[in-house]
Amino acid sequence: MPTSPSVTTGPAPASPPRTVRGRGIDLIVVLAALALAVWVTSGLWRDPNVRTITVNSSDQALFEWLLAFGGHTLTHGENPLFTHLINVPDGVNLAVNTSITVYAVVFAPLTYLVGPPVTFLVILTLNLAATAVAWYVLFSRQLVRSRLAAAVGALFIAYSPGMVSHANAHLNWTAGWLVPLLIWRAFALRRPGHWLRDGIILGVLVAIAFSIAAEGLFFTALALGLFVIVWSLHPARRAEARAALPNFLRGLAVTAVVAGALLAYPLWLHFAGPQRFHGTGFDPVTHSEDIAAFGAYPRRSIAGEAGLGTSLAPNPTEENSFFGIPLLLLTVVCFVALWRRADPARRATLWALAAVAVVFGVLSWGPVAKFDGDRTDVPMPFDVLGQLPVVNAALPARLALVVAPVIGLLLAYTLDQLRSARRRRSTEVAWSIGFVVALLPLLPTPLLTDEREPIPRFITAGTWRDYVSPGGVLTPVPTAVDIYPDGQRWQAYALSHRQGEFRIPAGFFLGPGGPDGRGRIGPVPRPFSALMDQAARTGLVPIVTDGTLREVRADLAYWRVEAVVLPDQVHGAKFEVDQDAVRRTATALLGEPQRVDDVWLWRVPQD
């Protein structure tokens, strides 16, 4: 485990003017981090209730629903990790989904005050800014002397291509501020005499991280474990590692007990509860990192705006590497320069960092290697590791996110070394040009946003309560899934505005029903939802037979639907919805609708 400069060199206490200057730099970094966060999310700030993220409106709707649902469970004393509000009658196990329970609870007052869309945007913006600040504090207080070096490394990590791409609606992955906190508290376990307190603190932090970003917590634990093992085995650090081991293990045991106690129920739900599944609903080959992507530029960057971006990622939210060749070259040069001037103890740290970057980079290539969009037959290590429990639920491409902090730390170490040593003017200019050429093209540009279809007055005015009994079932058409998020958006509005509860069939979630016992997005489609999806996609009204009508009636009875609703504007997350075809299909199946406010409504008789 790397030792902070203050421990190794024992610098004299800073003078008051230097302290004031340092605080000024701290403030500038915080303001820069917040300014960049607002810049990246600026398209949404124009009107959070109207704007949506273009490339991932479905995930945005899901997280808004989670925020509304979490606040609702807090005020109504309901289970925050399992719900029957969606996917009736089976319900959804949110412990195996990204439930962001801590965020939902902490921000519940804001959600009730201004609504889920604004709360979503506030959290997203704060996530990005807090990630930069947390890394800056870790670097500047523990790892480097130069606050400028700490700022450059921290801002790069927080606004690296992977973080900016996940800012397309992923409140879990943009919570990168958790990682430096976990690192800081994990290293604190080696302190003699404080193992009990430090273990408790880390255990609570682990529980919080699990409830916000379980996959990120898993990756952080793997990366820290690999780093500590490689670092401890280095000859220059073995004695120090052996001396710290007893305290570290005692603290780690306390961490396990505390986190285990806090997470006992969520972990039971995750691995043994109802509606659980094993593995993932995503193809690990598709969601693996292209080798060429490491040298490519992301779309939401200055280079991307200049036409240098690529489509090597499975989708715009998964540009997890995309560092560009100049930055890769600069990273190698930084590593060599640091290695040449490092003592054996520092080389142990550099060696461990290199191991983490290489291992996670290679694992991110997935089961088989891909290069520049072409799949090869070359098997990769993830082909074996991906069969292990828990690992098989991870998307390999996201393992590349671990590489960014390694690069950021190497950049900070290098700048710190450059500022502490006297060098020729020409050398300083060369290094400055290298940093600018590598980092300037990666400066982020704002996320793409669009206007989204408004929530119908039928919902906002509470008219739905005249047609659906308390806790009864209402379904939009097409039925709610990831590509048709209207049902969950309506439900989120009703919950956050305390209108009461209505339930919906299906929904956007991960649940059982995939091939080989794995998970899938949403439930297995039933005839009614399949017919509506066909009409929405193709504009074709199906031929309706007596058998079709029987299947549809069986579906509505299975869900106990009381009202079927078609708004004037349907939001399609991936394509435009043919609303006329949907209305004609629903009419052929259910009869003529009635016009209520701004929706078409079909009432379903109850037995």
# chains A, B, ... in the order shown; residues from 1 in each chain; ligands from 1
call {"tool": "residues_around", "arguments": {"residues": "segment 26-38 of chain A", "least_positions_apart": "4", "cutoff": "12 Å", "atoms": "only C-alpha atoms", "output": "PyMOL selection string"}}
result
chain A and resi 19-22+42-46+121-137+139-141+146-160+163-164+167+174+443-447
call {"tool": "residues_around", "arguments": {"residues": "Leu196 of chain A", "least_positions_apart": "2", "cutoff": "7 Å", "atoms": "only C-alpha atoms", "output": "ChimeraX atom specification"}}
result
/A:194,198-200,251,254
call {"tool": "closest_residue", "arguments": {"among": "A:Gly71, A:Gly408, A:Gly260, A:Gly514", "to": "Leu439 of chain A", "atoms": "only C-alpha atoms"}}
result
A:Gly408
call {"tool": "closest_residue", "arguments": {"among": "A:Leu495, A:Val481, A:Leu531, A:Ala236", "to": "Leu74 of chain A", "atoms": "only C-alpha atoms"}}
result
A:Leu495
call {"tool": "residues_around", "arguments": {"residues": "segment 58-60 of chain A", "least_positions_apart": "3", "cutoff": "6 Å", "atoms": "only C-alpha atoms", "output": "VMD selection string"}}
result
chain A and resid 63 169 482 485 573
